[in-house]
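**Student:** My structure file input_14.txt, compact mmCIF, C-alpha atoms, is below:
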```txt
# COMPACT_ATOMS: atom_id res chain seq x y z
CA MET A 1 -13.47 -12.46 14.59
CA MET A 2 -11.72 -13.18 11.30
CA LEU A 3 -12.89 -9.86 9.85
CA GLN A 4 -11.47 -7.97 12.80
CA VAL A 5 -8.12 -9.77 12.58
CA LEU A 6 -7.97 -8.92 8.86
CA LEU A 7 -8.76 -5.28 9.59
CA ALA A 8 -6.09 -5.21 12.31
CA ILE A 9 -3.49 -6.64 9.88
CA SER A 10 -4.47 -3.99 7.35
CA ALA A 11 -4.20 -1.28 10.03
CA VAL A 12 -0.66 -2.40 10.92
CA LEU A 13 0.30 -2.39 7.21
CA PHE A 14 -1.17 1.10 6.83
CA CYS A 15 0.87 2.37 9.77
CA PHE A 16 4.07 0.91 8.34
CA GLY A 17 3.33 2.88 5.18
CA LEU A 18 2.58 6.01 7.18
CA LEU A 19 5.83 5.60 9.10
CA ALA A 20 7.80 5.33 5.85
CA ALA A 21 6.06 8.34 4.33
CA LEU A 22 6.58 10.51 7.42
CA THR A 23 10.06 9.67 8.61
CA ARG A 24 12.22 8.76 5.60
CA SER A 25 13.88 11.59 3.76
CA LYS A 26 14.36 9.89 0.37
CA ALA A 27 11.53 10.69 -2.02
CA ILE A 28 11.38 7.07 -3.24
CA MET A 29 10.77 5.86 0.31
CA VAL A 30 7.79 8.21 0.57
CA LEU A 31 6.41 6.64 -2.60
CA ILE A 32 7.00 3.14 -1.19
CA GLY A 33 5.08 4.16 1.93
CA ILE A 34 2.17 5.40 -0.17
CA GLU A 35 2.11 2.09 -2.07
CA LEU A 36 1.99 0.19 1.25
CA MET A 37 -0.93 2.34 2.42
CA LEU A 38 -2.80 1.70 -0.84
CA GLY A 39 -2.22 -2.03 -0.39
CA ALA A 40 -3.72 -1.81 3.09
CA GLY A 41 -6.77 -0.07 1.64
CA ASN A 42 -7.18 -2.83 -0.95
CA LEU A 43 -6.97 -5.44 1.80
CA ASN A 44 -9.84 -3.65 3.58
CA PHE A 45 -11.94 -3.68 0.42
CA ILE A 46 -11.43 -7.41 -0.02
CA ALA A 47 -12.06 -8.17 3.68
CA PHE A 48 -15.33 -6.23 3.75
CA TRP A 49 -16.36 -7.84 0.47
CA LYS A 50 -15.77 -11.34 1.88
CA PHE A 51 -17.90 -10.62 4.95
CA SER A 52 -20.61 -8.61 3.22
CA ALA A 53 -24.19 -9.81 3.02
CA HIS A 54 -24.15 -9.92 -0.80
CA PRO A 55 -20.69 -10.90 -2.03
CA GLU A 56 -22.15 -11.87 -5.40
CA LEU A 57 -22.54 -8.16 -6.19
CA LEU A 58 -18.70 -7.92 -6.26
CA THR A 59 -18.67 -4.34 -4.94
CA GLY A 60 -15.45 -4.65 -2.95
CA VAL A 61 -13.69 -6.51 -5.76
CA MET A 62 -14.54 -3.79 -8.27
CA PHE A 63 -13.31 -1.14 -5.85
CA ALA A 64 -10.04 -3.00 -5.36
CA ILE A 65 -9.46 -3.37 -9.11
CA PHE A 66 -10.03 0.34 -9.76
CA SER A 67 -7.84 1.23 -6.80
CA ILE A 68 -4.99 -0.90 -8.20
CA ALA A 69 -5.31 0.84 -11.59
CA LEU A 70 -5.20 4.28 -9.94
CA ALA A 71 -2.19 3.23 -7.84
CA ALA A 72 -0.33 2.25 -11.02
CA ALA A 73 -1.01 5.69 -12.56
CA GLU A 74 0.08 7.38 -9.34
CA ALA A 75 3.33 5.39 -9.20
CA ALA A 76 4.21 6.29 -12.81
CA VAL A 77 3.66 10.03 -12.32
CA GLY A 78 5.36 10.04 -8.90
CA LEU A 79 8.49 8.33 -10.20
CA ALA A 80 8.65 10.69 -13.18
CA ILE A 81 8.51 13.63 -10.77
CA ILE A 82 11.27 12.07 -8.64
CA ILE A 83 13.49 11.63 -11.70
CA GLN A 84 12.90 15.26 -12.71
CA VAL A 85 13.62 16.51 -9.17
CA HIS A 86 16.84 14.52 -9.17
CA ARG A 87 17.80 16.05 -12.50
CA ARG A 88 17.25 19.59 -11.17
CA LEU A 89 18.66 19.27 -7.65
CA ARG A 90 21.11 16.36 -8.01
CA SER A 91 19.46 14.89 -4.92
CA VAL A 92 16.37 12.90 -4.00
CA ASN A 93 16.20 14.31 -0.48
CA ILE A 94 12.76 15.85 -0.07
CA ASN A 95 14.10 18.36 2.46
CA ARG A 96 15.98 20.00 -0.41
CA ALA A 97 12.98 20.25 -2.72
CA ASP A 98 11.53 23.26 -0.91
CA GLN A 99 10.92 25.69 -3.80
CA LEU A 100 7.95 25.87 -6.11
CA LYS A 101 9.99 27.88 -8.62
CA GLY A 102 11.85 25.71 -11.12
CA MET B 1 -8.82 -16.29 35.04
CA HIS B 2 -10.50 -19.54 34.07
CA ASP B 3 -13.62 -17.54 33.21
CA LEU B 4 -11.58 -15.25 30.98
CA ILE B 5 -10.07 -18.18 29.08
CA GLN B 6 -13.54 -19.68 28.66
CA ARG B 7 -14.84 -16.39 27.25
CA PHE B 8 -11.84 -16.11 24.94
CA LEU B 9 -12.40 -19.65 23.63
CA SER B 10 -16.12 -19.09 23.20
CA LEU B 11 -15.54 -16.26 20.72
CA PRO B 12 -16.57 -17.24 17.19
CA TRP B 13 -13.17 -18.52 16.09
CA GLY B 14 -14.36 -20.90 13.38
CA GLN B 15 -12.32 -23.73 11.92
CA PRO B 16 -8.51 -23.84 12.16
CA THR B 17 -8.35 -23.94 8.37
CA ASP B 18 -10.03 -20.52 8.30
CA TRP B 19 -6.81 -19.11 9.72
CA LEU B 20 -4.40 -20.28 7.03
CA PHE B 21 -4.45 -16.75 5.64
CA LEU B 22 -2.34 -15.69 8.62
CA ILE B 23 0.78 -17.20 6.98
CA PRO B 24 0.89 -14.81 3.97
CA ALA B 25 -0.39 -12.01 6.21
CA LEU B 26 2.50 -12.35 8.66
CA LEU B 27 4.98 -12.67 5.80
CA MET B 28 3.51 -9.51 4.30
CA LEU B 29 3.85 -7.56 7.57
CA LEU B 30 7.45 -8.75 8.08
CA ALA B 31 8.42 -7.73 4.56
CA ALA B 32 6.66 -4.38 4.97
CA ALA B 33 8.60 -3.76 8.18
CA GLY B 34 11.79 -4.52 6.25
CA ALA B 35 10.76 -2.16 3.46
CA VAL B 36 10.23 0.63 5.97
CA MET B 37 13.24 0.10 8.21
CA LEU B 38 16.13 -0.97 5.96
CA ARG B 39 18.77 1.61 5.02
CA ASN B 40 19.65 0.41 1.52
CA LEU B 41 17.07 1.56 -1.04
CA ILE B 42 17.45 -1.57 -3.19
CA HIS B 43 16.79 -3.77 -0.15
CA CYS B 44 13.71 -1.66 0.60
CA ALA B 45 12.38 -2.14 -2.93
CA LEU B 46 13.01 -5.92 -2.81
CA CYS B 47 11.24 -6.17 0.57
CA LEU B 48 8.36 -4.20 -0.95
CA THR B 49 8.17 -6.74 -3.78
CA LEU B 50 8.03 -9.61 -1.28
CA SER B 51 5.31 -7.78 0.63
CA PHE B 52 3.25 -7.32 -2.54
CA ILE B 53 3.66 -11.00 -3.46
CA ALA B 54 2.42 -12.00 0.00
CA LEU B 55 -0.49 -9.56 -0.33
CA GLY B 56 -1.44 -11.13 -3.67
CA ILE B 57 -1.35 -14.60 -2.08
CA LEU B 58 -3.52 -13.24 0.74
CA PHE B 59 -6.08 -11.96 -1.78
CA ILE B 60 -6.14 -15.37 -3.46
CA ALA B 61 -6.54 -17.07 -0.05
CA LEU B 62 -9.51 -14.81 0.71
CA GLY B 63 -11.28 -15.89 -2.49
CA ALA B 64 -10.54 -12.88 -4.68
CA GLU B 65 -8.40 -14.74 -7.21
CA PHE B 66 -8.72 -12.16 -9.96
CA VAL B 67 -7.68 -9.30 -7.69
CA GLY B 68 -4.78 -11.41 -6.43
CA PHE B 69 -3.46 -12.05 -9.93
CA VAL B 70 -3.99 -8.42 -10.93
CA GLN B 71 -2.04 -7.46 -7.80
CA LEU B 72 0.80 -9.78 -8.80
CA LEU B 73 0.84 -8.50 -12.41
CA VAL B 74 0.50 -4.78 -11.72
CA TYR B 75 2.39 -4.34 -8.46
CA VAL B 76 5.04 -7.07 -8.64
CA GLY B 77 5.43 -6.89 -12.40
CA ALA B 78 5.15 -3.18 -13.07
CA VAL B 79 5.24 -0.91 -10.02
CA THR B 80 8.27 -2.44 -8.30
CA MET B 81 10.08 -2.50 -11.64
CA LEU B 82 9.36 1.24 -11.97
CA ILE B 83 10.62 1.82 -8.43
CA LEU B 84 13.82 -0.16 -9.09
CA PHE B 85 14.38 1.83 -12.30
CA ALA B 86 13.86 5.09 -10.43
CA ILE B 87 16.36 4.03 -7.76
CA LEU B 88 18.93 3.16 -10.41
CA LEU B 89 18.33 6.41 -12.33
CA THR B 90 18.73 8.62 -9.26
CA PRO B 91 22.04 7.69 -7.68
CA ALA B 92 22.72 9.51 -4.45
CA SER B 93 25.60 11.84 -5.19
CA GLU B 94 28.10 12.50 -2.41
CA VAL B 95 28.23 16.24 -3.11
CA ALA B 96 24.52 16.60 -2.60
CA ALA B 97 24.76 14.63 0.61
CA SER B 98 27.42 16.88 2.10
CA ASN B 99 25.57 20.04 1.02
CA ASN B 100 22.48 18.85 2.75
CA PRO B 101 21.78 21.41 5.51
CA PHE B 102 19.80 18.87 7.49
CA ARG B 103 22.70 16.46 7.79
CA SER B 104 24.41 18.51 10.47
CA PHE B 105 21.27 18.89 12.56
CA SER B 106 20.91 15.47 14.10
CA PHE B 107 18.35 17.07 16.42
CA SER B 108 16.06 17.79 13.49
CA LYS B 109 16.47 14.23 12.25
CA THR B 110 15.67 12.77 15.67
CA LEU B 111 12.65 15.02 15.98
CA ASN B 112 11.49 13.90 12.56
CA ALA B 113 11.80 10.21 13.48
CA VAL B 114 10.15 10.60 16.90
CA GLY B 115 7.33 12.76 15.56
CA GLY B 116 6.63 10.46 12.61
CA GLY B 117 6.72 7.40 14.86
CA ALA B 118 4.36 9.06 17.34
CA VAL B 119 1.87 9.97 14.61
CA ALA B 120 2.00 6.44 13.15
CA LEU B 121 1.52 4.89 16.62
CA LEU B 122 -1.41 7.23 17.35
CA VAL B 123 -3.10 6.31 14.07
CA LEU B 124 -2.48 2.61 14.75
CA GLY B 125 -3.96 2.90 18.25
CA GLY B 126 -7.00 4.74 16.96
CA LEU B 127 -7.60 2.21 14.20
CA LEU B 128 -7.18 -0.81 16.50
CA ALA B 129 -9.47 0.76 19.11
CA ALA B 130 -12.08 1.39 16.43
CA ILE B 131 -11.76 -2.16 15.09
CA PHE B 132 -11.97 -4.01 18.41
CA PHE B 133 -13.81 -1.74 20.86
CA SER B 134 -16.28 0.36 18.91
CA PRO B 135 -20.00 -0.43 19.38
CA HIS B 136 -20.12 -1.69 15.79
CA ALA B 137 -17.47 -4.28 16.60
CA ARG B 138 -20.02 -6.18 18.72
CA GLU B 139 -22.59 -6.35 15.96
CA ALA B 140 -22.92 -9.75 14.37
CA VAL B 141 -20.87 -10.01 11.20
CA PRO B 142 -22.46 -12.09 8.46
CA PRO B 143 -20.55 -15.38 8.31
CA ALA B 144 -17.74 -15.60 5.81
CA GLN B 145 -19.32 -16.68 2.57
CA ALA B 146 -17.55 -19.25 0.48
CA ALA B 147 -17.29 -16.24 -1.77
CA VAL B 148 -15.40 -16.35 -5.01
CA ALA B 149 -15.16 -13.64 -7.62
CA PRO B 150 -15.01 -15.45 -10.96
CA ALA B 151 -13.29 -13.53 -13.72
CA LYS B 152 -16.37 -13.95 -15.94
CA ALA B 153 -18.62 -12.19 -13.43
CA ILE B 154 -16.03 -9.42 -12.96
CA GLY B 155 -15.81 -8.89 -16.72
CA GLU B 156 -19.59 -8.71 -17.07
CA ASN B 157 -19.74 -6.29 -14.15
CA LEU B 158 -17.00 -4.12 -15.66
CA LEU B 159 -18.85 -3.80 -18.96
CA THR B 160 -22.31 -3.20 -17.46
CA HIS B 161 -22.51 -1.58 -14.01
CA THR B 162 -19.08 0.04 -13.97
CA LEU B 163 -18.68 0.88 -17.64
CA LEU B 164 -18.38 4.63 -17.02
CA PRO B 165 -15.69 4.29 -14.29
CA LEU B 166 -13.87 1.84 -16.57
CA GLN B 167 -13.73 4.38 -19.42
CA GLY B 168 -12.75 7.11 -16.97
CA THR B 169 -9.91 4.95 -15.66
CA ALA B 170 -8.78 4.27 -19.22
CA ILE B 171 -8.59 8.01 -19.97
CA LEU B 172 -6.86 8.68 -16.65
CA LEU B 173 -4.26 5.95 -17.22
CA THR B 174 -3.51 7.21 -20.73
CA ALA B 175 -3.19 10.80 -19.51
CA ALA B 176 -1.06 9.77 -16.52
CA LEU B 177 1.36 7.68 -18.58
CA ILE B 178 1.75 10.33 -21.31
CA GLY B 179 2.25 12.90 -18.55
CA ALA B 180 4.84 10.73 -16.85
CA ALA B 181 6.76 10.29 -20.11
CA LEU B 182 6.67 14.07 -20.70
CA LEU B 183 7.77 14.82 -17.14
CA ALA B 184 10.69 12.41 -17.20
CA LYS B 185 11.84 13.53 -20.66
CA GLU B 186 15.20 15.24 -20.89
CA GLU B 187 14.67 18.94 -21.44
CA LYS B 188 16.38 20.47 -24.43
CA PRO B 189 18.38 23.59 -23.61
CA LEU B 190 16.83 26.65 -25.23
```
Would you kindly transcribe this structure into structure tokens?
**Tutor:**
Amino acid sequence: MMLQVLLAISAVLFCFGLLAALTRSKAIMVLIGIELMLGAGNLNFIAFWKFSAHPELLTGVMFAIFSIALAAAEAAVGLAIIIQVHRRLRSVNINRADQLKG
Amino acid sequence: MHDLIQRFLSLPWGQPTDWLFLIPALLMLLAAAGAVMLRNLIHCALCLTLSFIALGILFIALGAEFVGFVQLLVYVGAVTMLILFAILLTPASEVAASNNPFRSFSFSKTLNAVGGGAVALLVLGGLLAAIFFSPHAREAVPPAQAAVAPAKAIGENLLTHTLLPLQGTAILLTAALIGAALLAKEEKPL
């Protein structure tokens, strides 16, 4: 029962992130939504690790650590892109960033 | 009705102390809701920080201390700082706001909100249905182990079984951070 409650909490967190990524027009809010979704994924890794048959193998923990490292890299590149978009367009509204040409 | 309550109580609920993790979990969900709904970007980023702190506490409560502290260090210490810096470096200019062609179309904005909300609700419904009503949900889950992930075991694991992914992550992080610095650099006019 506890595993299912944890998974449900993680599902709600994921959908908050999805909502932010889909509905907000500021680019930074999209990034915040992606971070929330990654956090929900990490929570799933830890929950399945805790209820696995062999937690001493640490599989879920290793997955969560690598996922956190990748999320940090993603955040750095994403924010650099946002700063560059703001420099070009004077706006962080993603509806305005609709050209591939610089 | 009485039968239903009996069945509900006979589910494997475990000890009341097993449910202490609900406190940081609920705090995390509240803060995440704030991060999604609030209008002011700074408030959103601060709510996100609170949500990450609660998530780290939740990891620690579930026995994954190392992941919890890494979460606190990386997300609370680094990622939210980056987000706050990005918010401060990209002030919303009034000119850009008035030039925005989507500002006048409130219909488009409403459609965006309704469509995004519908997609998020659909995904949530699908996930909850899969979690609680799928055939696998009735399979017996192994009982929660008094599992801990000691930092020593994680370090040994990192340098033996997952050495190749560790080196790959190191290269990726270096490349990503150099790339981010290059991307954000002021361009010199030619």
**Student:** Expressed in Å to a single decimal, how great is the separation between atom CA of Cys47 of chain B and atom CA of Val79 of chain B?
**Tutor:**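 Going from atom CA of Cys47 of chain B over to atom CA of Val79 of chain B covers 13.3 Å.
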**Student:** Between A:Leu36, A:Glu74, A:Gln84, A:Gly17, which residue has the minimum interatomic distance to Leu50 of chain B, considering all atoms listed in the file?
**Tutor:**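 Of A:Leu36, A:Glu74, A:Gln84, A:Gly17, the one nearest Leu50 of chain B, counting all atoms listed in the file, is A:Leu36.
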**Student:** Compare A:Ile83, A:Lys50, A:Arg88, A:Leu13 by their minimum atom-to-atom distance to Gly33 of chain A, counting all atoms listed in the file, and give me the closest one.
**Tutor:**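 Smallest distance to Gly33 of chain A is found for A:Leu13.
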**Student:** For a quick check of understanding, using all atoms listed in the file, which of B:Val141, B:Ile178, B:Asn157, B:Ala54 has the smallest distance to Ala53 of chain A?
**Tutor:**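 For Ala53 of chain A, the nearest of the given residues is B:Val141.
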**Student:** Provide the atom CA of Phe8 of chain B to atom CA of Leu121 of chain B distance in Å, to one decimal place.
**Tutor:**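 Atom CA of Leu121 of chain B lies 26.2 Å from atom CA of Phe8 of chain B.
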**Student:** Which residue, B:Met1, B:Phe59, B:Ala35, B:Leu20, has the smallest gap to Asn42 of chain A when you use all atoms listed in the file?
**Tutor:**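 Closest to Asn42 of chain A, using all atoms listed in the file: B:Phe59.
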**Student:** What is the distance between atom CA of Ile23 of chain B and atom CA of Ile53 of chain B, in Å to one decimal?
**Tutor:**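 Atom CA of Ile23 of chain B sits 12.5 Å away from atom CA of Ile53 of chain B.
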**Student:** Applying 12 Å and only C-alpha atoms, which residues near Val70 of chain B remain after dropping the ones on its own chain fewer than 2 positions away? List them as a PyMOL selection string.
**Tutor:** (chain A and resi 42+61-62+64-69+72) or (chain B and resi 52-53+55-57+59-60+64-68+72-79+151)
**Student:** Between A:Ile9, A:Val92, A:Leu22, A:Leu57, which is the closest to Leu41 of chain B once you count only C-alpha atoms?
**Tutor:**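 For Leu41 of chain B, the nearest of the given residues is A:Val92.
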**Student:** Excluding Ala180 of chain B and its own-chain neighbours fewer than 4 positions away, which residues fall within 10 Å of it when counting all atoms listed in the file? Please give them as a PyMOL selection string.
**Tutor:** (chain A and resi 73-81) or (chain B and resi 174-176+184-185)
**Student:** When you look at segment 27-29 of chain A with a cut-off of 7 Å (counting all atoms listed in the file), what residues show up, excluding the ones that are within fewer than 2 positions of it in the same chain? I need them as a list of chain:residue names.
**Tutor:**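 What passes the distance filter is A:Ala20, A:Ala21, A:Arg24, A:Ser25, A:Leu31, A:Ile32, A:Gly33, A:Ile82, A:Val92, A:Asn93, A:Ile94.
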**Student:** Could you please give me, as a count of residues only, the residues of protein, DNA or RNA lying at most 12 Å from (-17.3, -6.6, 20.4) in the coordinate frame of the file, considering all atoms listed in the file?
**Tutor:** 19
**Student:** With all atoms listed in the file as the atoms that count, which of A:Ser10, A:His54, A:Phe45, A:Ser91 lies nearest to chain B?
**Tutor:**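 Of A:Ser10, A:His54, A:Phe45, A:Ser91, the one nearest chain B is A:Ser91, counting all atoms listed in the file.
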**Student:** Put a box with edges along x, y and z around all the listed atoms of segment 1-18 of chain A, pad it by 6 Å on each side, then give me its centre and sizes in Å, one decimal, as JSON.
**Tutor:**
```
{"center_x": -4.7, "center_y": -3.6, "center_z": 9.9, "size_x": 29.5, "size_y": 31.2, "size_z": 21.4}
```
**Student:** What lies within 10 Å of Ala92 of chain B using all atoms listed in the file, ignoring chain neighbours under 4 positions off, as an MDAnalysis selection string?
**Tutor:** (chainID A and resid 26 86 90:93) or (chainID B and resid 87:88 96:97)
